[in-house]
2 protein chains.
Amino acid sequence: MIERRIPIKVMDAVNKVLTFSKQGESEIIPLRESYSRFLAEDLVADHPVPPFDRSPYDGFAIKAESSATARADNPIEYEIIDEIGAGSVSEYTLGEFEAIRIMTGAQIPTGCNAIVMLELTTVYERNGKMYMSIKRPFKSGDNLSLKGEDTRQGEILVKRGTYITPGIVALLATFGYEKVTVVKKPTLGIIATGSELLEVGEELIPGKIRNSNSYMIEAQAIRSGAKPEYIGKLADHLDECYEAIKRSIEKVDYLITTGGVSVGDYDYLPEIYNRLGATILFNKVAMRPGSVTTVAEYNGKLLFGLSGNPSACYVGFELFVRPIIRSYVHSSKPHLQKAVAVLGKDFLKPNPFTRFVRGHLTFTDGKLYATPVGLDKSNVVSSLAEANVFIVLPGGTRGYKEGDLVDILLLEDQTGSDTSWAESFK
Amino acid sequence: MIERRIPIKVMDAVNKVLTFSKQGESEIIPLRESYSRFLAEDLVADHPVPPFDRSPYDGFAIKAESSATARADNPIEYEIIDEIGAGSVSEYTLGEFEAIRIMTGAQIPTGCNAIVMLELTTVYERNGKMYMSIKRPFKSGDNLSLKGEDTRQGEILVKRGTYITPGIVALLATFGYEKVTVVKKPTLGIIATGSELLEVGEELIPGKIRNSNSYMIEAQAIRSGAKPEYIGKLADHLDECYEAIKRSIEKVDYLITTGGVSVGDYDYLPEIYNRLGATILFNKVAMRPGSVTTVAEYNGKLLFGLSGNPSACYVGFELFVRPIIRSYVHSSKPHLQKAVAVLGKDFLKPNPFTRFVRGHLTFTDGKLYATPVGLDKSNVVSSLAEANVFIVLPGGTRGYKEGDLVDILLLEDQTGSDTSWAESFK
């Protein structure tokens, strides 16, 4: 009657899930829509940068040799024979003591090997001709941006699987990516179960709570790079839940349920996995909160049975669902970024199992400080508002003191980590 | 002919811009769409959490006093008189040596003052009645989640102006926010100027480059919380640029132009500001890159004249446009988050003006390390791909060595900073 489950280590659970990772297909979208998506192809330079020798300043193009004797008391004079706006090319070949007025970014004219900044020149007219003079010498190569000095043609600048930032958008534009090949977002079906759940718009009544998990997961899904599809909220009725889950699996890439995975008499998910003939990867993880997190596989698709408890649900998503989504979008760093931080406040409770404490990360004097937020009961919702890290306290440890070094996982971060975060933990 | 501009300090420039900050109006959107928006109203608890005394575990509700003598060799027996699923309420009042089976999250029945976890009990049947027994005593209050212990009714949980994370979405759902009052996104018009600019889809030809700035700014705008509206790409023709800018200002909250703000002969923005009768806040900032960044005010609206150079354009946006957008969305921390980091690599160039070096931030052993990326010429586009911080090297300083502590500004961060970042710099 009372099922005894064997908890597995967090790291083993994460690795079991990842054995089912797959990479999503790509789709081609306009450059303008590419921000915050994931590249499905390497970003390759289609031309050298700069594409030609060009001027980094407004000024004058000269032959450096002719300036060798220029001094404050011996200005050298140049006749201004042409001017080049950005985007234009001069027809002239520069001779000795000739200068061409040149704008920032314009192509260096033939014969030029140095640029003199405008502010170092004196410009004047004489007999209907324009001249400029300088009072210091220049060397060959001074103030030239040379073709390819930034980037060679054919160079891979950004690897596939990378999150597209504004800087990468600039690169895509520079290299002619009018359309960008990105990874299709995986669809993530979401079903909230529990007879105690009210709609958000409903008045609270005794014994009931509002459904917050499905909205929270939708936001977590978007943050991780997936497309959430809310399927519905179901009461604890076995047949109804079974039918809804069976129907939904076909339509999505991954299916998340919340609630119903514990060993309570109304926890129907174990029976549903059984009826489906799904393979349970694990149904108990040696962690707090979220020990009842269950993951099953059915016809090659993963069913994530997250706890109905909001904090446990949140943790379950970030540890198990996020890396699967990031693998899907070809990321080589699917896990939450890990770091070490100074604990900002005592956390004296012992940790029979690995504990994920919601914390707030701050930076002071070059160091990371992570401070637990809220009371850290697993039913405490309000601490989720301030949390931007999990503080990871390994199982089998006693309490931690302010000032101790602790492992953390960053929640609001697109960088990620390549190795399973758990590997670094004791 | 050659205009001599007086550079102002970065901090003074930022503060001048912020004197024109205004807070945007609010709009009401469905909860489901609220992730990554900014709250226009405080988030207030409409009920205490927990809303009633409830069980944090699956188990049995008992009167603790009756368990006082329970020992391994003296189990105490309870008759199971009812069971309560989550969302249900028991009609019974618990008596001595009576137990009610209770599920996680369910309301504590009358008379109960402790919860016994299921795994600490033995359940059996005798003469058609169900019993459970326990082998250790419980105290009054054991394993109860008490009404309001997390959150009191009426408590402000999140302040207006806060970026809505998945955790805040969960809170909004919990407290009945079916609709959320968020700040309308400001519209940001974007005009790229420069005769050298090609469309992204065009083949490169000598003297020309593709327009990357407007796409980059669109992504920066989205990241900062604004709604970009690309108006177009214009050649360096004074009348055409003037007309386009004049027409566009009315339609957007803020207008950004790129290019044309230098002192080159084809830099028409100064003349356009003049024709409009706009007030120039500054047209030279003591910083690299981006010294030509110009901001003007026209009929209460800000015109941001960013450099046409991609890196300078990027910096200009983050320093001057971002805080205006974040103020608009009611944020009390409009500036980029600042921190101190260990310099990961020598940067030996002297800094006559405050320099914003693109850097990559990593965390090692509890410390922040910021390493310059790319060559840091202001025309280097590729370094933008890796940069997630600016390393700020104050004007008037010599080079910096690996291991020195430096100020940094975080680019991929939603936290922000409340004081003008510049105030902390020497």
# chains A, B, ... in the order shown; residues from 1 in each chain; ligands from 1
call {"tool": "residues_around", "arguments": {"residues": "Gly24 of chain B", "least_positions_apart": "5", "cutoff": "8 Å", "atoms": "only C-alpha atoms", "output": "number ranges by chain"}}
result
B: 183-186, 328-330
call {"tool": "residues_around", "arguments": {"residues": "segment 39-49 of chain A", "least_positions_apart": "3", "cutoff": "9 Å", "atoms": "only C-alpha atoms", "output": "tab-separated table (two decimals) with all heavy atoms, in the first residue's frame"}}
result
chain	number	residue	atom	x	y	z
A	24	GLY	N	16.85	19.67	-32.00
A	24	GLY	CA	15.69	20.08	-32.79
A	24	GLY	C	16.07	20.47	-34.21
A	24	GLY	O	17.23	20.71	-34.53
A	25	GLU	N	15.06	20.52	-35.07
A	25	GLU	CA	15.26	20.95	-36.44
A	25	GLU	C	15.44	22.46	-36.50
A	25	GLU	O	15.15	23.18	-35.55
A	25	GLU	CB	14.05	20.54	-37.28
A	25	GLU	CG	13.98	19.04	-37.50
A	25	GLU	CD	12.70	18.63	-38.19
A	25	GLU	OE1	11.97	19.52	-38.69
A	25	GLU	OE2	12.43	17.42	-38.23
A	26	SER	N	15.87	22.93	-37.67
A	26	SER	CA	16.08	24.37	-37.80
A	26	SER	C	14.94	24.99	-38.61
A	26	SER	O	14.16	24.31	-39.27
A	26	SER	CB	17.41	24.62	-38.50
A	26	SER	OG	17.41	24.02	-39.76
A	27	GLU	N	14.85	26.29	-38.49
A	27	GLU	CA	13.91	27.05	-39.31
A	27	GLU	C	14.59	28.36	-39.67
A	27	GLU	O	15.52	28.80	-39.00
A	27	GLU	CB	12.59	27.29	-38.57
A	27	GLU	CG	12.72	28.13	-37.31
A	27	GLU	CD	11.37	28.33	-36.60
A	27	GLU	OE1	10.32	28.21	-37.26
A	27	GLU	OE2	11.39	28.62	-35.39
A	34	SER	N	15.58	37.48	-34.82
A	34	SER	CA	16.53	36.47	-34.34
A	34	SER	C	17.01	36.68	-32.91
A	34	SER	O	17.53	35.75	-32.29
A	34	SER	CB	17.74	36.42	-35.28
A	34	SER	OG	18.49	37.62	-35.19
A	52	PHE	N	38.09	46.41	-46.69
A	52	PHE	CA	39.11	47.11	-47.48
A	52	PHE	C	39.90	47.96	-46.48
A	52	PHE	O	39.44	48.16	-45.35
A	52	PHE	CB	38.46	47.99	-48.57
A	52	PHE	CG	37.27	48.77	-48.06
A	52	PHE	CD1	37.44	49.94	-47.31
A	52	PHE	CD2	35.96	48.32	-48.31
A	52	PHE	CE1	36.34	50.64	-46.82
A	52	PHE	CE2	34.86	49.02	-47.81
A	52	PHE	CZ	35.05	50.19	-47.08
A	146	LEU	N	43.30	48.13	-41.46
A	146	LEU	CA	43.67	47.29	-42.60
A	146	LEU	C	42.65	46.19	-42.87
A	146	LEU	O	42.08	45.61	-41.94
A	146	LEU	CB	45.05	46.68	-42.37
A	146	LEU	CG	46.19	47.70	-42.28
A	146	LEU	CD1	47.50	47.00	-41.98
A	146	LEU	CD2	46.29	48.52	-43.56
A	147	LYS	N	42.46	45.91	-44.15
A	147	LYS	CA	41.58	44.83	-44.59
A	147	LYS	C	41.83	43.54	-43.81
A	147	LYS	O	42.96	43.08	-43.73
A	147	LYS	CB	41.83	44.61	-46.09
A	147	LYS	CG	41.05	43.44	-46.69
A	147	LYS	CD	41.29	43.36	-48.19
A	147	LYS	CE	40.67	42.09	-48.77
A	147	LYS	NZ	40.77	42.07	-50.24
A	148	GLY	N	40.80	42.99	-43.22
A	148	GLY	CA	40.91	41.69	-42.54
A	148	GLY	C	41.57	41.73	-41.17
A	148	GLY	O	41.75	40.69	-40.55
A	149	GLU	N	41.90	42.91	-40.65
A	149	GLU	CA	42.61	42.93	-39.37
A	149	GLU	C	41.69	42.51	-38.21
A	149	GLU	O	42.16	42.03	-37.18
A	149	GLU	CB	43.26	44.31	-39.08
A	149	GLU	CG	42.31	45.39	-38.65
A	149	GLU	CD	43.03	46.69	-38.26
A	149	GLU	OE1	44.22	46.84	-38.55
A	149	GLU	OE2	42.36	47.56	-37.68
A	150	ASP	N	40.41	42.69	-38.37
A	150	ASP	CA	39.47	42.22	-37.35
A	150	ASP	C	39.12	40.75	-37.60
A	150	ASP	O	39.25	39.91	-36.71
A	150	ASP	CB	38.23	43.11	-37.37
A	150	ASP	CG	37.17	42.66	-36.37
A	150	ASP	OD1	37.42	41.71	-35.60
A	150	ASP	OD2	36.09	43.28	-36.34
A	151	THR	N	38.70	40.45	-38.80
A	151	THR	CA	38.14	39.14	-39.10
A	151	THR	C	38.55	38.70	-40.50
A	151	THR	O	38.46	39.48	-41.45
A	151	THR	CB	36.59	39.23	-39.06
A	151	THR	OG1	36.20	39.71	-37.78
A	151	THR	CG2	35.96	37.86	-39.31
A	152	ARG	N	38.98	37.46	-40.62
A	152	ARG	CA	39.31	36.91	-41.93
A	152	ARG	C	38.06	36.32	-42.58
A	152	ARG	O	37.18	35.80	-41.89
A	152	ARG	CB	40.37	35.82	-41.80
A	152	ARG	CG	41.71	36.31	-41.27
A	152	ARG	CD	42.71	35.16	-41.17
A	152	ARG	NE	42.15	33.97	-40.54
A	152	ARG	CZ	41.97	33.82	-39.23
A	152	ARG	NH1	42.33	34.78	-38.39
A	152	ARG	NH2	41.46	32.71	-38.75
A	153	GLN	N	38.02	36.36	-43.91
A	153	GLN	CA	36.90	35.75	-44.63
A	153	GLN	C	36.83	34.25	-44.33
A	153	GLN	O	37.86	33.58	-44.30
A	153	GLN	CB	37.09	35.99	-46.13
A	153	GLN	CG	35.92	35.49	-46.96
A	153	GLN	CD	35.92	36.07	-48.36
A	153	GLN	OE1	36.76	36.91	-48.68
A	153	GLN	NE2	34.97	35.66	-49.17
A	154	GLY	N	35.65	33.72	-44.10
A	154	GLY	CA	35.49	32.30	-43.84
A	154	GLY	C	35.64	31.90	-42.39
A	154	GLY	O	35.38	30.75	-42.02
A	155	GLU	N	36.06	32.82	-41.56
A	155	GLU	CA	36.25	32.54	-40.13
A	155	GLU	C	34.89	32.24	-39.47
A	155	GLU	O	33.90	32.90	-39.76
A	155	GLU	CB	36.89	33.78	-39.49
A	155	GLU	CG	37.51	33.54	-38.13
A	155	GLU	CD	38.24	34.79	-37.61
A	155	GLU	OE1	38.73	35.60	-38.44
A	155	GLU	OE2	38.29	34.98	-36.39
A	156	ILE	N	34.89	31.23	-38.59
A	156	ILE	CA	33.67	30.97	-37.80
A	156	ILE	C	33.69	31.90	-36.61
A	156	ILE	O	34.59	31.86	-35.78
A	156	ILE	CB	33.60	29.50	-37.33
A	156	ILE	CG1	33.44	28.57	-38.53
A	156	ILE	CG2	32.44	29.31	-36.34
A	156	ILE	CD1	33.45	27.10	-38.18
A	157	LEU	N	32.71	32.78	-36.54
A	157	LEU	CA	32.71	33.79	-35.48
A	157	LEU	C	31.86	33.37	-34.29
A	157	LEU	O	32.17	33.74	-33.16
A	157	LEU	CB	32.20	35.12	-36.05
A	157	LEU	CG	33.12	35.71	-37.11
A	157	LEU	CD1	32.48	36.92	-37.74
A	157	LEU	CD2	34.45	36.09	-36.48
A	158	VAL	N	30.79	32.65	-34.54
A	158	VAL	CA	29.93	32.20	-33.45
A	158	VAL	C	29.46	30.78	-33.79
A	158	VAL	O	29.06	30.51	-34.92
A	158	VAL	CB	28.69	33.11	-33.28
A	158	VAL	CG1	27.92	32.72	-32.02
A	158	VAL	CG2	29.09	34.58	-33.21
A	159	LYS	N	29.54	29.90	-32.81
A	159	LYS	CA	29.17	28.50	-33.01
A	159	LYS	C	27.65	28.31	-32.97
A	159	LYS	O	26.95	29.02	-32.25
A	159	LYS	CB	29.77	27.64	-31.90
A	159	LYS	CG	31.28	27.58	-31.93
A	159	LYS	CD	31.73	26.28	-32.54
A	159	LYS	CE	33.24	26.19	-32.53
A	159	LYS	NZ	33.72	25.40	-33.68
A	160	ARG	N	27.19	27.32	-33.71
A	160	ARG	CA	25.78	26.95	-33.60
A	160	ARG	C	25.45	26.58	-32.16
A	160	ARG	O	26.30	26.12	-31.41
A	160	ARG	CB	25.44	25.80	-34.54
A	160	ARG	CG	26.07	24.49	-34.21
A	160	ARG	CD	25.92	23.54	-35.38
A	160	ARG	NE	24.81	22.63	-35.20
A	160	ARG	CZ	24.91	21.44	-34.59
A	160	ARG	NH1	26.06	21.03	-34.11
A	160	ARG	NH2	23.86	20.66	-34.46
A	161	GLY	N	24.18	26.79	-31.80
A	161	GLY	CA	23.77	26.50	-30.44
A	161	GLY	C	23.95	27.69	-29.52
A	161	GLY	O	23.61	27.62	-28.34
A	162	THR	N	24.47	28.79	-30.05
A	162	THR	CA	24.70	29.98	-29.21
A	162	THR	C	23.44	30.85	-29.16
A	162	THR	O	22.75	31.02	-30.16
A	162	THR	CB	25.87	30.80	-29.77
A	162	THR	OG1	27.03	29.99	-29.83
A	162	THR	CG2	26.15	32.03	-28.91
A	163	TYR	N	23.17	31.35	-27.98
A	163	TYR	CA	22.08	32.30	-27.75
A	163	TYR	C	22.41	33.60	-28.48
A	163	TYR	O	23.51	34.12	-28.37
A	163	TYR	CB	21.98	32.54	-26.24
A	163	TYR	CG	20.99	33.59	-25.82
A	163	TYR	CD1	19.64	33.27	-25.66
A	163	TYR	CD2	21.39	34.89	-25.54
A	163	TYR	CE1	18.73	34.22	-25.24
A	163	TYR	CE2	20.49	35.85	-25.13
A	163	TYR	CZ	19.16	35.51	-24.98
A	163	TYR	OH	18.26	36.47	-24.57
A	164	ILE	N	21.46	34.12	-29.23
A	164	ILE	CA	21.71	35.31	-30.05
A	164	ILE	C	21.48	36.59	-29.23
A	164	ILE	O	20.35	36.92	-28.87
A	164	ILE	CB	20.83	35.30	-31.32
A	164	ILE	CG1	21.16	34.05	-32.15
A	164	ILE	CG2	21.05	36.58	-32.15
A	164	ILE	CD1	20.30	33.88	-33.40
A	168	ILE	N	25.53	39.67	-31.36
A	168	ILE	CA	25.53	38.66	-32.41
A	168	ILE	C	24.59	39.07	-33.54
A	168	ILE	O	24.86	38.82	-34.72
A	168	ILE	CB	25.17	37.27	-31.82
A	168	ILE	CG1	26.34	36.82	-30.91
A	168	ILE	CG2	24.93	36.24	-32.92
A	168	ILE	CD1	26.11	35.52	-30.17
A	171	LEU	N	26.61	41.13	-35.75
A	171	LEU	CA	27.49	40.30	-36.58
A	171	LEU	C	26.73	39.66	-37.74
A	171	LEU	O	27.22	39.61	-38.87
A	171	LEU	CB	28.09	39.17	-35.75
A	171	LEU	CG	29.29	39.48	-34.91
A	171	LEU	CD1	29.81	38.20	-34.26
A	171	LEU	CD2	30.39	40.10	-35.75
A	172	LEU	N	25.54	39.16	-37.46
A	172	LEU	CA	24.72	38.55	-38.50
A	172	LEU	C	24.45	39.56	-39.61
A	172	LEU	O	24.55	39.25	-40.81
A	172	LEU	CB	23.40	38.04	-37.91
A	172	LEU	CG	23.50	36.78	-37.03
A	172	LEU	CD1	22.23	36.61	-36.19
A	172	LEU	CD2	23.73	35.54	-37.88
A	174	THR	N	26.24	42.27	-40.32
A	174	THR	CA	27.50	42.59	-40.98
A	174	THR	C	27.86	41.56	-42.05
A	174	THR	O	28.39	41.90	-43.10
A	174	THR	CB	28.63	42.64	-39.92
A	174	THR	OG1	28.28	43.63	-38.96
A	174	THR	CG2	29.97	42.96	-40.54
A	175	PHE	N	27.54	40.30	-41.78
A	175	PHE	CA	27.94	39.25	-42.69
A	175	PHE	C	26.79	38.77	-43.59
A	175	PHE	O	26.80	37.66	-44.11
A	175	PHE	CB	28.62	38.11	-41.94
A	175	PHE	CG	29.90	38.59	-41.31
A	175	PHE	CD1	30.01	38.76	-39.95
A	175	PHE	CD2	30.96	38.98	-42.12
A	175	PHE	CE1	31.16	39.27	-39.38
A	175	PHE	CE2	32.12	39.48	-41.56
A	175	PHE	CZ	32.23	39.64	-40.19
A	176	GLY	N	25.81	39.63	-43.75
A	176	GLY	CA	24.82	39.41	-44.80
A	176	GLY	C	23.70	38.43	-44.48
A	176	GLY	O	23.00	37.98	-45.38
A	177	TYR	N	23.54	38.08	-43.20
A	177	TYR	CA	22.47	37.14	-42.84
A	177	TYR	C	21.13	37.85	-42.77
A	177	TYR	O	20.61	38.14	-41.70
A	177	TYR	CB	22.77	36.46	-41.50
A	177	TYR	CG	23.89	35.46	-41.53
A	177	TYR	CD1	25.22	35.85	-41.39
A	177	TYR	CD2	23.62	34.10	-41.68
A	177	TYR	CE1	26.25	34.92	-41.41
A	177	TYR	CE2	24.65	33.16	-41.69
A	177	TYR	CZ	25.96	33.58	-41.56
A	177	TYR	OH	26.97	32.67	-41.57
A	180	VAL	N	18.08	34.17	-40.91
A	180	VAL	CA	18.94	33.46	-39.97
A	180	VAL	C	18.37	32.06	-39.74
A	180	VAL	O	17.16	31.89	-39.55
A	180	VAL	CB	19.03	34.22	-38.64
A	180	VAL	CG1	19.99	33.52	-37.68
A	180	VAL	CG2	19.47	35.66	-38.87
A	181	THR	N	19.25	31.08	-39.76
A	181	THR	CA	18.84	29.71	-39.49
A	181	THR	C	18.96	29.44	-37.99
A	181	THR	O	20.06	29.40	-37.45
A	181	THR	CB	19.70	28.71	-40.28
A	181	THR	OG1	19.65	29.08	-41.66
A	181	THR	CG2	19.17	27.29	-40.13
A	182	VAL	N	17.82	29.34	-37.35
A	182	VAL	CA	17.79	29.12	-35.90
A	182	VAL	C	17.12	27.79	-35.63
A	182	VAL	O	16.54	27.17	-36.53
A	182	VAL	CB	17.02	30.25	-35.17
A	182	VAL	CG1	17.69	31.59	-35.39
A	182	VAL	CG2	15.56	30.29	-35.61
A	183	VAL	N	17.23	27.34	-34.37
A	183	VAL	CA	16.57	26.08	-34.01
A	183	VAL	C	15.11	26.38	-33.69
A	183	VAL	O	14.80	27.34	-33.00
A	183	VAL	CB	17.25	25.43	-32.80
A	183	VAL	CG1	16.67	24.04	-32.57
A	183	VAL	CG2	18.76	25.35	-32.99
A	184	LYS	N	14.25	25.55	-34.24
A	184	LYS	CA	12.82	25.63	-33.89
A	184	LYS	C	12.68	25.48	-32.38
A	184	LYS	O	13.33	24.62	-31.79
A	184	LYS	CB	12.06	24.46	-34.54
A	184	LYS	CG	11.34	24.80	-35.79
A	184	LYS	CD	10.47	23.61	-36.22
A	184	LYS	CE	10.12	23.75	-37.68
A	184	LYS	NZ	9.66	22.48	-38.25
A	329	VAL	N	17.97	22.94	-28.47
A	329	VAL	CA	18.34	24.10	-29.28
A	329	VAL	C	19.85	24.12	-29.56
A	329	VAL	O	20.42	25.16	-29.87
A	329	VAL	CB	17.86	25.44	-28.64
A	329	VAL	CG1	16.35	25.49	-28.60
A	329	VAL	CG2	18.47	25.66	-27.27
A	330	HIS	N	20.47	22.95	-29.48
A	330	HIS	CA	21.86	22.72	-29.90
A	330	HIS	C	22.89	23.37	-28.99
A	330	HIS	O	24.05	23.49	-29.37
A	330	HIS	CB	22.10	23.23	-31.34
A	330	HIS	CG	21.22	22.63	-32.37
A	330	HIS	ND1	21.50	22.71	-33.72
A	330	HIS	CD2	20.07	21.92	-32.28
A	330	HIS	CE1	20.54	22.10	-34.42
A	330	HIS	NE2	19.67	21.61	-33.56
A	331	SER	N	22.49	23.80	-27.83
A	331	SER	CA	23.46	24.44	-26.94
A	331	SER	C	24.47	23.42	-26.43
A	331	SER	O	24.10	22.30	-26.08
A	331	SER	CB	22.75	25.10	-25.75
A	331	SER	OG	23.71	25.57	-24.83
B	204	LEU	N	28.39	43.01	-50.97
B	204	LEU	CA	29.35	44.07	-50.61
B	204	LEU	C	29.96	44.65	-51.88
B	204	LEU	O	30.28	43.93	-52.81
B	204	LEU	CB	30.48	43.49	-49.77
B	204	LEU	CG	30.30	43.45	-48.27
B	204	LEU	CD1	31.65	43.17	-47.62
B	204	LEU	CD2	29.73	44.75	-47.72
B	380	VAL	N	35.82	47.31	-34.34
B	380	VAL	CA	35.85	45.86	-34.31
B	380	VAL	C	34.47	45.33	-33.91
B	380	VAL	O	34.02	45.51	-32.80
B	380	VAL	CB	36.92	45.36	-33.33
B	380	VAL	CG1	36.77	43.87	-33.11
B	380	VAL	CG2	38.30	45.68	-33.87
B	381	VAL	N	33.85	44.67	-34.86
B	381	VAL	CA	32.50	44.17	-34.64
B	381	VAL	C	32.50	42.84	-33.90
B	381	VAL	O	31.68	42.59	-33.04
B	381	VAL	CB	31.77	44.03	-36.00
B	381	VAL	CG1	30.78	42.88	-35.99
B	381	VAL	CG2	31.05	45.32	-36.34
B	382	SER	N	33.48	42.00	-34.20
B	382	SER	CA	33.39	40.62	-33.71
B	382	SER	C	33.46	40.53	-32.19
B	382	SER	O	32.89	39.62	-31.60
B	382	SER	CB	34.47	39.75	-34.34
B	382	SER	OG	35.74	40.26	-34.01
call {"tool": "residues_around", "arguments": {"residues": "Arg4 of chain A", "least_positions_apart": "2", "cutoff": "12 Å", "atoms": "only C-alpha atoms", "output": "list in words"}}
result
Met1, Ile2, Ile6, Pro7, Ser262, Val263, Asn283, Lys284 and Val292 of chain A; Leu118 and Glu119 of chain B
call {"tool": "write_last_selection", "arguments": {"atoms": "all heavy atoms", "output": "CSV table (one decimal), in the first residue's frame"}}
result
chain,number,residue,atom,x,y,z
A,1,MET,N,0.8,-1.2,0.0
A,1,MET,CA,0.0,0.0,0.0
A,1,MET,C,0.9,1.3,0.0
A,1,MET,O,0.7,2.1,-0.8
A,1,MET,CB,-0.9,0.0,1.2
A,1,MET,CG,-1.9,1.2,1.2
A,1,MET,SD,-3.3,0.8,2.3
A,1,MET,CE,-4.2,2.3,2.1
A,2,ILE,N,1.8,1.3,0.9
A,2,ILE,CA,2.7,2.5,0.9
A,2,ILE,C,3.9,2.1,0.1
A,2,ILE,O,4.7,1.2,0.5
A,2,ILE,CB,3.1,2.9,2.3
A,2,ILE,CG1,1.9,3.3,3.1
A,2,ILE,CG2,4.1,4.0,2.3
A,2,ILE,CD1,2.1,3.3,4.6
A,6,ILE,N,13.1,4.3,-4.0
A,6,ILE,CA,14.6,4.5,-3.7
A,6,ILE,C,15.1,5.8,-4.4
A,6,ILE,O,15.0,5.9,-5.6
A,6,ILE,CB,15.4,3.3,-4.4
A,6,ILE,CG1,14.7,1.9,-4.0
A,6,ILE,CG2,16.8,3.4,-4.0
A,6,ILE,CD1,14.7,1.7,-2.5
A,7,PRO,N,15.5,6.7,-3.6
A,7,PRO,CA,16.0,8.0,-4.2
A,7,PRO,C,17.3,7.8,-4.9
A,7,PRO,O,18.2,7.1,-4.5
A,7,PRO,CB,16.2,8.9,-2.9
A,7,PRO,CG,16.4,8.0,-1.8
A,7,PRO,CD,15.7,6.7,-2.1
A,262,SER,N,3.4,12.3,-5.9
A,262,SER,CA,3.8,11.9,-4.5
A,262,SER,C,3.2,10.5,-4.3
A,262,SER,O,2.8,9.8,-5.2
A,262,SER,CB,3.3,12.9,-3.5
A,262,SER,OG,3.9,12.7,-2.3
A,263,VAL,N,3.2,10.1,-3.0
A,263,VAL,CA,2.7,8.7,-2.7
A,263,VAL,C,1.4,8.8,-2.0
A,263,VAL,O,0.9,7.9,-1.4
A,263,VAL,CB,3.7,7.9,-1.8
A,263,VAL,CG1,4.9,7.5,-2.6
A,263,VAL,CG2,4.1,8.7,-0.6
A,283,ASN,N,11.7,8.1,-9.8
A,283,ASN,CA,10.6,8.7,-9.2
A,283,ASN,C,10.9,9.2,-7.8
A,283,ASN,O,10.0,9.6,-7.1
A,283,ASN,CB,9.4,7.7,-9.2
A,283,ASN,CG,9.7,6.4,-8.4
A,283,ASN,OD1,10.7,6.4,-7.7
A,283,ASN,ND2,8.9,5.4,-8.5
A,284,LYS,N,12.2,9.3,-7.5
A,284,LYS,CA,12.5,9.9,-6.3
A,284,LYS,C,14.0,10.3,-6.4
A,284,LYS,O,14.8,9.6,-6.9
A,284,LYS,CB,12.4,8.9,-5.1
A,284,LYS,CG,12.6,9.6,-3.7
A,284,LYS,CD,11.8,8.9,-2.6
A,284,LYS,CE,12.0,9.7,-1.3
A,284,LYS,NZ,10.7,10.0,-0.7
A,292,VAL,N,10.1,14.2,-5.0
A,292,VAL,CA,9.1,13.4,-5.7
A,292,VAL,C,9.2,13.5,-7.2
A,292,VAL,O,8.4,12.8,-8.0
A,292,VAL,CB,7.7,13.6,-5.2
A,292,VAL,CG1,7.5,13.2,-3.8
A,292,VAL,CG2,7.2,15.0,-5.5
B,118,LEU,N,3.6,10.1,6.7
B,118,LEU,CA,3.1,8.8,6.4
B,118,LEU,C,4.2,7.7,6.7
B,118,LEU,O,3.9,6.6,7.2
B,118,LEU,CB,2.8,8.7,4.9
B,118,LEU,CG,2.0,7.5,4.4
B,118,LEU,CD1,0.7,7.4,5.1
B,118,LEU,CD2,1.8,7.6,2.9
B,119,GLU,N,5.5,8.0,6.3
B,119,GLU,CA,6.5,7.0,6.4
B,119,GLU,C,6.9,6.7,7.9
B,119,GLU,O,7.6,5.7,8.1
B,119,GLU,CB,7.8,7.4,5.6
B,119,GLU,CG,8.3,8.8,5.8
B,119,GLU,CD,7.7,9.8,4.9
B,119,GLU,OE1,6.4,9.8,4.6
B,119,GLU,OE2,8.4,10.6,4.3
call {"tool": "interface_residues", "arguments": {"of": "chain A", "to": "chain B", "cutoff": "7 Å", "atoms": "only C-alpha atoms", "output": "PyMOL selection string"}}
result
chain A and resi 32+35+58+85-89+103+106-107+150+166-171+173-174+176-178+195-196+200-201+207-208+210-213+215-216+219-220+264+266+339-342+363-368+380-382+384-385
call {"tool": "select_by_dssp", "arguments": {"residues": "segment 191-420 of chain A", "states": "strand (DSSP E)", "output": "number ranges by chain"}}
result
A: 191-193, 197-198, 209-210, 227-234, 254-258, 279-282, 287-288, 294-298, 301-306, 337-343, 354-364, 367-372, 389-393, 405-410
call {"tool": "residues_around", "arguments": {"residues": "segment 238-255 of chain B", "least_positions_apart": "2", "cutoff": "7 Å", "atoms": "only C-alpha atoms", "output": "PyMOL selection string"}}
result
chain B and resi 186-190+234+236+257+268+272+301-304
call {"tool": "write_last_selection", "arguments": {"atoms": "C-alpha atoms", "output": "compact mmCIF listing (two decimals), in the first residue's frame"}}
result
# COMPACT_ATOMS: atom_id res chain seq x y z
CA PRO B 186 8.08 52.95 -25.00
CA THR B 187 8.43 53.08 -28.77
CA LEU B 188 11.91 53.73 -30.01
CA GLY B 189 12.25 54.96 -33.58
CA ILE B 190 15.48 53.96 -35.31
CA LEU B 234 19.05 57.08 -45.26
CA ASP B 236 23.81 61.41 -46.25
CA THR B 257 19.77 57.96 -35.27
CA TYR B 268 24.41 66.38 -41.07
CA ILE B 272 19.38 68.97 -38.51
CA LYS B 301 11.32 64.36 -26.75
CA LEU B 302 14.86 63.04 -26.74
CA LEU B 303 16.81 62.50 -29.94
CA PHE B 304 19.75 60.18 -29.45
